[in-house]
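For reference, target_33.tsv (TSV, C-alpha atoms):
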chain	number	residue	atom	x	y	z
A	274	MET	CA	-17.66	-64.18	-6.76
A	275	LEU	CA	-17.32	-67.04	-4.32
A	276	VAL	CA	-14.33	-69.30	-4.67
A	277	ILE	CA	-15.21	-72.87	-3.77
A	278	HIS	CA	-12.79	-75.68	-3.03
A	279	CYS	CA	-13.63	-78.82	-5.01
A	280	PRO	CA	-12.54	-81.94	-3.10
A	281	TYR	CA	-12.12	-83.88	-6.37
A	282	CYS	CA	-10.14	-81.24	-8.28
A	283	GLN	CA	-8.33	-80.47	-5.01
A	284	ALA	CA	-8.33	-76.81	-5.92
A	285	GLU	CA	-10.25	-73.59	-5.63
A	286	ARG	CA	-12.66	-72.94	-8.46
A	287	PRO	CA	-14.97	-70.01	-9.25
A	288	GLU	CA	-18.57	-70.22	-8.14
A	289	LEU	CA	-19.83	-70.13	-11.75
A	290	GLU	CA	-18.55	-73.67	-12.28
A	291	PHE	CA	-20.79	-75.03	-9.51
A	292	ALA	CA	-24.46	-75.77	-8.95
A	293	ASN	CA	-26.16	-76.14	-5.61
A	294	ALA	CA	-28.04	-79.43	-5.34
A	295	GLY	CA	-30.08	-79.09	-2.16
A	296	GLU	CA	-29.71	-80.42	1.34
A	297	ALA	CA	-27.13	-83.11	2.03
A	298	HIS	CA	-27.44	-86.39	3.93
A	299	ILE	CA	-31.03	-87.15	3.00
A	300	VAL	CA	-31.31	-90.91	2.84
A	301	ARG	CA	-33.75	-92.38	0.36
A	302	PRO	CA	-35.61	-95.13	2.19
A	303	ASN	CA	-35.88	-98.63	0.70
A	304	ASN	CA	-39.48	-99.06	1.75
A	305	MET	CA	-41.05	-96.08	0.01
A	306	SER	CA	-44.26	-97.95	-0.82
A	307	ASP	CA	-44.83	-98.65	2.90
A	308	MET	CA	-44.52	-95.02	3.91
A	309	THR	CA	-47.50	-92.95	4.92
A	310	ASP	CA	-48.16	-89.77	2.97
A	311	ALA	CA	-46.99	-87.70	5.93
A	312	GLU	CA	-43.71	-89.62	6.18
A	313	PHE	CA	-43.16	-89.34	2.45
A	314	GLU	CA	-43.85	-85.62	2.50
A	315	LYS	CA	-41.34	-85.15	5.31
A	316	MET	CA	-38.64	-87.13	3.49
A	317	PHE	CA	-39.30	-85.75	0.00
A	318	PHE	CA	-40.31	-82.11	0.45
A	319	VAL	CA	-39.52	-80.81	3.91
A	320	ARG	CA	-36.07	-79.28	4.26
A	321	GLU	CA	-34.27	-77.61	7.11
A	322	ASN	CA	-33.61	-74.31	5.31
A	323	PRO	CA	-31.83	-72.83	8.31
A	324	LYS	CA	-30.62	-69.31	8.74
A	325	GLY	CA	-27.07	-70.21	9.63
A	326	VAL	CA	-25.07	-73.34	9.04
A	327	ASN	CA	-26.45	-75.59	6.32
A	328	LEU	CA	-25.20	-78.95	5.07
A	329	GLU	CA	-25.59	-78.97	1.31
A	330	ARG	CA	-24.84	-80.98	-1.79
A	331	TRP	CA	-22.99	-79.16	-4.51
A	332	ARG	CA	-22.01	-80.25	-7.98
A	333	HIS	CA	-18.91	-79.12	-9.85
A	334	ILE	CA	-21.02	-79.29	-12.97
A	335	HIS	CA	-18.81	-77.20	-15.30
A	336	GLY	CA	-15.65	-78.82	-13.98
A	337	CYS	CA	-15.07	-82.41	-12.94
A	338	GLY	CA	-18.81	-83.09	-12.83
A	339	ARG	CA	-18.76	-84.55	-9.31
A	340	PHE	CA	-21.22	-84.12	-6.49
A	341	PHE	CA	-19.78	-83.34	-3.09
A	342	ASN	CA	-20.99	-82.03	0.25
A	343	ALA	CA	-20.33	-78.65	1.80
A	344	ILE	CA	-21.06	-76.91	5.06
A	345	ARG	CA	-22.04	-73.35	4.28
A	346	HIS	CA	-23.22	-70.48	6.43
A	347	THR	CA	-26.34	-69.17	4.68
A	348	VAL	CA	-25.96	-65.64	6.02
A	349	SER	CA	-22.27	-65.00	5.36
A	350	ASP	CA	-22.10	-67.45	2.40
A	351	LYS	CA	-18.89	-68.75	3.92
A	352	PHE	CA	-17.95	-72.35	3.11
A	353	LEU	CA	-16.79	-73.86	6.39
A	354	LYS	CA	-15.87	-77.25	4.99
A	355	VAL	CA	-16.19	-79.36	1.86
A	356	TYR	CA	-15.98	-83.14	1.77
A	357	LYS	CA	-16.47	-85.92	-0.75
A	358	ALA	CA	-19.88	-87.47	-1.36
A	359	GLY	CA	-20.30	-90.56	0.78
A	360	ALA	CA	-18.13	-89.24	3.61
A	361	PRO	CA	-19.92	-89.28	6.99
A	362	ARG	CA	-21.80	-86.24	8.21
A	363	PRO	CA	-19.53	-84.16	10.45
A	364	SER	CA	-20.65	-84.25	14.07
A	365	ASP	CA	-22.38	-81.26	15.63
A	366	ALA	CA	-19.29	-80.74	17.79
A	367	GLU	CA	-17.12	-80.58	14.69
A	368	ILE	CA	-19.48	-78.10	13.03
A	369	ALA	CA	-19.46	-75.95	16.20
A	370	GLU	CA	-15.66	-76.03	16.08
A	371	LEU	CA	-15.71	-74.84	12.43
A	372	MET	CA	-17.98	-71.95	13.38
A	373	LYS	CA	-15.41	-70.50	15.77
B	248	MET	CA	-25.75	-86.78	-53.12
B	249	ALA	CA	-24.34	-87.13	-49.63
B	250	ASN	CA	-23.63	-90.59	-48.35
B	251	ALA	CA	-26.45	-91.40	-45.94
B	252	ASN	CA	-24.10	-93.42	-43.72
B	253	VAL	CA	-21.63	-90.63	-43.15
B	254	ALA	CA	-22.58	-87.67	-40.99
B	255	THR	CA	-21.66	-84.35	-42.53
B	256	PRO	CA	-21.84	-82.01	-39.55
B	257	ASN	CA	-22.41	-78.37	-40.16
B	258	ASN	CA	-19.69	-76.37	-38.47
B	259	PRO	CA	-20.88	-72.77	-38.32
B	260	THR	CA	-17.43	-71.40	-37.46
B	261	SER	CA	-15.35	-73.53	-39.83
B	262	GLY	CA	-12.49	-71.53	-41.33
B	263	ASN	CA	-13.00	-68.52	-39.06
B	264	ARG	CA	-9.89	-66.48	-38.40
B	265	PHE	CA	-9.31	-63.25	-36.53
B	266	ALA	CA	-6.06	-61.46	-35.79
B	267	ASN	CA	-4.99	-58.20	-34.26
B	268	SER	CA	-1.62	-57.08	-32.94
B	269	SER	CA	-1.86	-59.10	-29.72
B	270	VAL	CA	-3.91	-62.20	-30.44
B	271	THR	CA	-4.82	-64.61	-33.24
B	272	ILE	CA	-7.96	-66.73	-33.04
B	273	GLU	CA	-8.44	-69.56	-35.49
B	274	ALA	CA	-11.00	-72.31	-35.86
B	275	ALA	CA	-9.01	-75.52	-35.46
B	276	ALA	CA	-9.01	-78.21	-38.12
B	277	PRO	CA	-11.41	-81.12	-37.58
B	278	ALA	CA	-10.11	-83.65	-35.08
B	279	ALA	CA	-11.02	-87.06	-33.70
B	280	ARG	CA	-12.31	-86.93	-30.13
B	281	ILE	CA	-13.32	-89.52	-27.59
B	282	SER	CA	-15.19	-88.93	-24.38
B	283	PHE	CA	-13.72	-91.63	-22.20
B	284	ARG	CA	-15.09	-92.86	-18.84
B	285	ALA	CA	-13.27	-95.62	-17.05
B	286	THR	CA	-12.23	-97.41	-13.90
B	287	PRO	CA	-8.52	-96.95	-13.03
B	288	LYS	CA	-7.82	-100.32	-14.68
B	289	GLY	CA	-9.78	-99.38	-17.80
B	290	ALA	CA	-7.84	-96.12	-18.07
B	291	LYS	CA	-4.56	-98.01	-17.82
B	292	ASP	CA	-5.62	-100.53	-20.47
B	293	PHE	CA	-6.76	-97.87	-22.91
B	294	GLY	CA	-3.60	-95.86	-22.23
B	295	LYS	CA	-1.56	-98.86	-23.36
B	296	THR	CA	-3.58	-99.12	-26.58
B	297	LEU	CA	-3.12	-95.42	-27.28
B	298	GLY	CA	0.55	-95.43	-26.28
B	299	ILE	CA	-0.01	-92.62	-23.79
B	300	ASP	CA	-0.61	-92.73	-20.03
B	301	LEU	CA	-3.95	-91.14	-19.21
B	302	PRO	CA	-3.24	-88.51	-16.54
B	303	THR	CA	-4.62	-89.33	-13.10
B	304	LYS	CA	-4.00	-86.01	-11.39
B	305	PRO	CA	-6.60	-83.22	-11.63
B	306	GLY	CA	-6.01	-80.68	-14.38
B	307	LEU	CA	-3.24	-82.53	-16.17
B	308	SER	CA	-2.97	-83.61	-19.77
B	309	ALA	CA	-0.64	-85.92	-21.64
B	310	SER	CA	0.42	-85.43	-25.23
B	311	ASN	CA	2.18	-87.54	-27.81
B	312	SER	CA	2.59	-85.98	-31.27
B	313	SER	CA	-0.97	-85.41	-32.54
B	314	LEU	CA	-2.66	-87.14	-29.59
B	315	SER	CA	-3.70	-85.48	-26.33
B	316	ALA	CA	-5.44	-86.97	-23.30
B	317	LEU	CA	-7.05	-84.45	-21.00
B	318	TRP	CA	-8.09	-85.12	-17.39
B	319	ILE	CA	-11.69	-83.92	-17.08
B	320	GLY	CA	-12.89	-85.68	-13.93
B	321	PRO	CA	-11.78	-88.50	-11.61
B	322	ASP	CA	-13.04	-91.08	-14.11
B	323	GLU	CA	-13.38	-88.99	-17.24
B	324	TRP	CA	-10.96	-88.00	-19.98
B	325	LEU	CA	-11.19	-86.24	-23.31
B	326	ILE	CA	-8.97	-87.76	-25.99
B	327	ILE	CA	-8.17	-85.54	-28.97
B	328	ASP	CA	-6.25	-86.59	-32.03
B	329	THR	CA	-5.64	-83.92	-34.66
B	330	LYS	CA	-4.19	-86.27	-37.26
B	331	ASN	CA	-5.48	-89.82	-37.06
B	332	SER	CA	-9.02	-90.90	-37.84
B	333	ILE	CA	-11.50	-91.86	-35.16
B	334	ASN	CA	-11.49	-95.44	-36.48
B	335	SER	CA	-7.87	-95.91	-35.49
B	336	LEU	CA	-8.54	-94.59	-31.97
B	337	MET	CA	-11.78	-96.26	-30.98
B	338	PRO	CA	-11.31	-99.51	-29.06
B	339	ARG	CA	-12.28	-102.49	-31.17
B	340	ARG	CA	-13.75	-104.67	-28.48
B	341	GLU	CA	-16.21	-104.02	-25.73
B	342	ASN	CA	-14.62	-103.73	-22.34
B	343	ALA	CA	-16.40	-103.78	-19.00
B	344	ASN	CA	-13.84	-101.42	-17.51
B	345	PHE	CA	-14.43	-98.47	-19.74
B	346	CYS	CA	-16.82	-96.64	-21.99
B	347	ALA	CA	-15.57	-94.75	-25.04
B	348	THR	CA	-17.87	-92.48	-27.01
B	349	ASP	CA	-17.00	-90.84	-30.30
B	350	VAL	CA	-17.66	-87.10	-29.82
B	351	SER	CA	-15.58	-85.90	-32.79
B	352	HIS	CA	-18.52	-83.99	-34.23
B	353	ARG	CA	-19.93	-82.79	-30.93
B	354	ASN	CA	-17.03	-80.42	-30.32
B	355	VAL	CA	-15.24	-77.82	-32.35
B	356	ALA	CA	-12.07	-76.10	-31.25
B	357	PHE	CA	-10.48	-72.69	-31.45
B	358	ILE	CA	-6.78	-71.97	-31.14
B	359	ILE	CA	-6.11	-68.70	-29.34
B	360	SER	CA	-2.51	-67.58	-29.50
B	361	GLY	CA	-0.39	-64.50	-28.92
B	362	ASP	CA	0.56	-62.27	-26.02
B	363	GLY	CA	-3.08	-61.29	-25.56
B	364	ALA	CA	-4.40	-64.87	-25.53
B	365	GLU	CA	-4.70	-65.03	-21.75
B	366	ASN	CA	-6.54	-61.71	-21.52
B	367	THR	CA	-8.81	-62.67	-24.42
B	368	LEU	CA	-9.96	-65.75	-22.54
B	369	CYS	CA	-10.12	-63.99	-19.17
B	370	ALA	CA	-12.72	-61.61	-20.62
B	371	SER	CA	-15.30	-64.42	-20.46
B	372	CYS	CA	-13.78	-67.11	-18.25
B	373	PRO	CA	-13.68	-66.76	-14.44
B	374	ARG	CA	-10.66	-69.04	-14.03
B	375	ASP	CA	-7.20	-67.84	-13.10
B	376	LEU	CA	-5.30	-68.48	-16.35
B	377	SER	CA	-1.97	-67.02	-15.28
B	378	PRO	CA	1.00	-69.31	-16.02
B	379	ALA	CA	1.42	-69.97	-12.28
B	380	ALA	CA	-2.13	-71.28	-11.84
B	381	PHE	CA	-2.62	-72.69	-15.33
B	382	PRO	CA	0.79	-73.80	-16.64
B	383	VAL	CA	1.44	-75.29	-20.07
B	384	GLY	CA	-0.28	-78.67	-20.33
B	385	THR	CA	-3.09	-77.80	-17.91
B	386	ALA	CA	-6.51	-78.94	-19.07
B	387	SER	CA	-9.83	-78.15	-17.52
B	388	ARG	CA	-13.50	-78.11	-18.21
B	389	THR	CA	-14.81	-74.71	-17.26
B	390	ILE	CA	-17.30	-72.06	-18.26
B	391	PHE	CA	-16.89	-69.41	-20.96
B	392	GLY	CA	-19.65	-66.83	-20.83
B	393	LYS	CA	-22.62	-69.17	-20.53
B	394	ALA	CA	-21.07	-71.99	-22.55
B	395	GLU	CA	-19.27	-74.99	-21.14
B	396	VAL	CA	-15.83	-75.38	-22.67
B	397	VAL	CA	-12.67	-77.40	-22.22
B	398	LEU	CA	-9.49	-75.35	-22.09
B	399	LEU	CA	-6.03	-76.72	-22.77
B	400	ARG	CA	-2.93	-74.59	-22.52
B	401	ILE	CA	-0.77	-75.77	-25.41
B	402	GLY	CA	1.98	-73.18	-25.05
B	403	LYS	CA	3.10	-70.23	-23.00
B	404	THR	CA	0.83	-67.91	-24.98
B	405	SER	CA	-1.48	-70.35	-26.74
B	406	PHE	CA	-4.62	-72.20	-25.78
B	407	ARG	CA	-6.94	-74.72	-27.35
B	408	LEU	CA	-10.59	-74.14	-26.51
B	409	GLU	CA	-13.07	-76.94	-27.17
B	410	CYS	CA	-16.75	-76.11	-27.18
B	411	TRP	CA	-19.92	-77.74	-28.36
B	412	ARG	CA	-20.51	-77.23	-32.07
B	413	SER	CA	-23.86	-75.47	-31.73
B	414	PHE	CA	-22.36	-73.08	-29.17
B	415	SER	CA	-19.46	-72.12	-31.40
B	416	PRO	CA	-20.91	-68.91	-32.95
B	417	TYR	CA	-21.62	-67.64	-29.43
B	418	VAL	CA	-18.15	-68.58	-28.20
B	419	TRP	CA	-16.58	-67.07	-31.32
B	420	ASP	CA	-18.36	-63.73	-30.75
B	421	LEU	CA	-17.21	-63.66	-27.12
B	422	LEU	CA	-13.64	-64.43	-28.19
B	423	ILE	CA	-13.66	-61.53	-30.66
B	424	ASP	CA	-15.03	-59.26	-27.94
B	425	GLY	CA	-12.26	-60.37	-25.60
B	426	ALA	CA	-9.62	-60.01	-28.31
B	427	GLN	CA	-10.66	-56.42	-28.95
B	428	ASP	CA	-10.34	-55.66	-25.24
B	429	ALA	CA	-7.00	-57.45	-25.02
B	430	HIS	CA	-5.72	-55.34	-27.89
B	431	ILE	CA	-4.65	-52.26	-25.95

Could you write out this structure as structure tokens?
Amino acid sequence: MLVIHCPYCQAERPELEFANAGEAHIVRPNNMSDMTDAEFEKMFFVRENPKGVNLERWRHIHGCGRFFNAIRHTVSDKFLKVYKAGAPRPSDAEIAELMK
Amino acid sequence: MANANVATPNNPTSGNRFANSSVTIEAAAPAARISFRATPKGAKDFGKTLGIDLPTKPGLSASNSSLSALWIGPDEWLIIDTKNSINSLMPRRENANFCATDVSHRNVAFIISGDGAENTLCASCPRDLSPAAFPVGTASRTIFGKAEVVLLRIGKTSFRLECWRSFSPYVWDLLIDGAQDAHI
């Protein structure tokens, strides 16, 4: 079982307490009614789904209940970093550093 | 005829008791419970009313005779009182800084005690419940089998497990399973 660090509980918790909640850092636009269908599709449905490092939202649903963000490697399942919701997206350089 | 204004919840595990040489599992007596969500100021205010400081650190609980306040999330607490009625606990006035919901009948509790208590729970709970990781007074929402529960360690070898009322037969069966395995 994976052991995931929850940034709100400030502790390691078993995977069973968590739920994945899709890709992180997707901004909901304010002008949705002005968007073309293609733009809406891209924002609403199209996801990166990389083989490798993925930035994801997770929820500690059976714990403190909070959403947070995590950088996870989708092949090794390794969590490279977790950070609170609302914190800025780590730069590509920082992610490359975590990969080392 | 039952009073239409008073809910009479059916508790399917009321009065259940199980014991073997290493662990005793008992359905806890009915208690008053509040699910409490608040800003830091709201938590402080309500703590003053209750006469207990709501814990602000993850995993902690505070107790004062029959009253316990359990940290559930950064802005969420579970208040349990095993003696006083819900009417004496619920805040009288509306307050913009917090939200208190009476969940007395939503939850039921089991008391698991004895040398095998830890192993009984570990049979269905993925958390590390050793005294080093989960010392007396630790409270946490977690998962037990497939049911969400709140665990509180009330003593070195005793735990209080709160689960939703409709889940209680399932949780009870898992506890008995665990108790039989712990009894070696």

Discussion item. Can you work out which residues from chain B touch chain A at a cut-off of 6 Å (counting only C-alpha atoms) and hand them back as a ChimeraX atom specification?
Written reply: /B:305,319-320,388-389

Can you spit out the residues from that selection as an mmCIF file, in the coordinates of the input, using C-alpha atoms?
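As a result, out31.cif now contains:
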data_model
loop_
_atom_site.group_PDB
_atom_site.id
_atom_site.type_symbol
_atom_site.label_atom_id
_atom_site.label_comp_id
_atom_site.auth_asym_id
_atom_site.auth_seq_id
_atom_site.Cartn_x
_atom_site.Cartn_y
_atom_site.Cartn_z
ATOM 1 C CA PRO B 305 -6.600 -83.220 -11.630
ATOM 2 C CA ILE B 319 -11.690 -83.920 -17.080
ATOM 3 C CA GLY B 320 -12.890 -85.680 -13.930
ATOM 4 C CA ARG B 388 -13.500 -78.110 -18.210
ATOM 5 C CA THR B 389 -14.810 -74.710 -17.260
#

Worksheet item: Closest to Ala356 in chain B among B:Ile281, B:Val396, B:Val270, B:Ile299, using all atoms listed in the file?
Response: B:Val396

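Of the listed residues B:Pro256, B:Gly262, B:Pro382, B:Pro302, the one whose atoms come nearest to Ala275 in chain B is B:Gly262, with distances taken using all atoms listed in the file.
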
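Using only C-alpha atoms, the nearest neighbour of Lys393 in chain B within the list B:Gly294, B:Gly306, B:Pro378, B:Pro373 is B:Pro373.
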
Worksheet item: Which residues come within 6 Å of range 292-306 of chain A, counting all atoms listed in the file, excluding same-chain residues fewer than 5 positions away, as a ChimeraX atom specification?
Response: /A:328-332

Item to complete: Could you tell me how far CA of Asp424 in chain B lies from CA of Ser371 in chain B, in Å and to one decimal?
Response: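 Straight-line distance from CA of Asp424 in chain B to CA of Ser371 in chain B works out to 9.1 Å.
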
Worksheet item: Counting only C-alpha atoms, which of B:Glu323, B:Asp420, B:Asp300, B:Asp362 gets nearest to Cys346 in chain B?
Response: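 Using only C-alpha atoms, Cys346 in chain B sits closest to B:Glu323.
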
Worksheet item: What does the distance between CA of Arg284 in chain B and CA of Ala316 in chain B come to in Å, to one decimal place?
Response: 12.2 Å

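The spacing separating CA of Thr303 in chain B from CA of Met337 in chain B amounts to 20.5 Å.
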
Fill in: Thr296 in chain B surroundings by all atoms listed in the file, 9 Å radius, close-in-sequence under 4 positions cut, as a list in words
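In the requested format, the answer is Lys291, Asp292, Leu336 and Pro338 of chain B.
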
Item to complete: May I have the residues within 9 Å of Ile358 in chain B as a ChimeraX atom specification, using all atoms listed in the file and disregarding those fewer than 3 positions away in the same chain?
Response: /B:271-275,405-409

Discussion item. Please list as a list in words every residue within 7 Å of Ala285 in chain B, counting only C-alpha atoms and excluding residues in the same chain fewer than 3 positions away.
Written reply: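 Final neighbour list, sorted by chain and number: Gly289, Ala290, Asp322, Glu323, Asn344, Phe345 and Cys346 of chain B.
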
Worksheet item: Looking at all atoms listed in the file, which of B:Asn334, B:Asn267, B:Gln427, B:Asn257 is the one that sits closest to Gly361 in chain B?
Response: B:Asn267

Item to complete: Mind checking which residues fall within 8 Å of Lys324 in chain A, counting only C-alpha atoms, ignoring those fewer than 3 positions away in the same chain, and posting them as a PyMOL selection string?
Response: chain A and resi 327+346-348

Response to the item:
Judged by all atoms listed in the file, the minimum distance to Ile277 in chain A among B:Arg374, B:Leu325, B:Leu399, B:Ala386 is found for B:Arg374

Could N, CA and C atoms be built for range 337-358 of chain B and written out as a tab-separated table (two decimals), in the coordinates of the input?
chain	number	residue	atom	x	y	z
B	337	MET	N	-10.73	-95.61	-31.74
B	337	MET	CA	-11.78	-96.26	-30.98
B	337	MET	C	-11.39	-97.70	-30.65
B	338	PRO	N	-11.61	-98.12	-29.40
B	338	PRO	CA	-11.31	-99.51	-29.06
B	338	PRO	C	-12.18	-100.47	-29.87
B	339	ARG	N	-11.57	-101.57	-30.28
B	339	ARG	CA	-12.28	-102.49	-31.17
B	339	ARG	C	-13.27	-103.37	-30.42
B	340	ARG	N	-12.89	-103.73	-29.20
B	340	ARG	CA	-13.75	-104.67	-28.48
B	340	ARG	C	-14.42	-103.99	-27.30
B	341	GLU	N	-15.54	-104.55	-26.91
B	341	GLU	CA	-16.21	-104.02	-25.73
B	341	GLU	C	-15.39	-104.39	-24.51
B	342	ASN	N	-15.41	-103.50	-23.53
B	342	ASN	CA	-14.62	-103.73	-22.34
B	342	ASN	C	-15.45	-103.26	-21.15
B	343	ALA	N	-15.56	-104.11	-20.15
B	343	ALA	CA	-16.40	-103.78	-19.00
B	343	ALA	C	-15.79	-102.66	-18.17
B	344	ASN	N	-14.51	-102.40	-18.37
B	344	ASN	CA	-13.84	-101.42	-17.51
B	344	ASN	C	-13.85	-100.01	-18.06
B	345	PHE	N	-14.34	-99.84	-19.25
B	345	PHE	CA	-14.43	-98.47	-19.74
B	345	PHE	C	-15.54	-98.26	-20.77
B	346	CYS	N	-15.79	-97.02	-21.03
B	346	CYS	CA	-16.82	-96.64	-21.99
B	346	CYS	C	-16.24	-95.52	-22.85
B	347	ALA	N	-16.14	-95.75	-24.13
B	347	ALA	CA	-15.57	-94.75	-25.04
B	347	ALA	C	-16.63	-94.31	-26.03
B	348	THR	N	-16.85	-93.02	-26.11
B	348	THR	CA	-17.87	-92.48	-27.01
B	348	THR	C	-17.22	-91.52	-28.00
B	349	ASP	N	-17.53	-91.72	-29.26
B	349	ASP	CA	-17.00	-90.84	-30.30
B	349	ASP	C	-17.74	-89.50	-30.24
B	350	VAL	N	-17.03	-88.43	-29.87
B	350	VAL	CA	-17.66	-87.10	-29.82
B	350	VAL	C	-16.96	-86.14	-30.79
B	351	SER	N	-16.35	-86.72	-31.83
B	351	SER	CA	-15.58	-85.90	-32.79
B	351	SER	C	-16.40	-84.75	-33.34
B	352	HIS	N	-17.69	-85.01	-33.60
B	352	HIS	CA	-18.52	-83.99	-34.23
B	352	HIS	C	-19.31	-83.18	-33.21
B	353	ARG	N	-19.23	-83.56	-31.95
B	353	ARG	CA	-19.93	-82.79	-30.93
B	353	ARG	C	-19.19	-81.49	-30.65
B	354	ASN	N	-17.85	-81.58	-30.67
B	354	ASN	CA	-17.03	-80.42	-30.32
B	354	ASN	C	-16.43	-79.77	-31.56
B	355	VAL	N	-16.16	-78.48	-31.44
B	355	VAL	CA	-15.24	-77.82	-32.35
B	355	VAL	C	-14.23	-77.10	-31.47
B	356	ALA	N	-13.11	-76.72	-32.07
B	356	ALA	CA	-12.07	-76.10	-31.25
B	356	ALA	C	-11.61	-74.79	-31.88
B	357	PHE	N	-11.13	-73.92	-31.01
B	357	PHE	CA	-10.48	-72.69	-31.45
B	357	PHE	C	-9.08	-72.67	-30.87
B	358	ILE	N	-8.14	-72.16	-31.64
B	358	ILE	CA	-6.78	-71.97	-31.14
B	358	ILE	C	-6.60	-70.47	-30.91
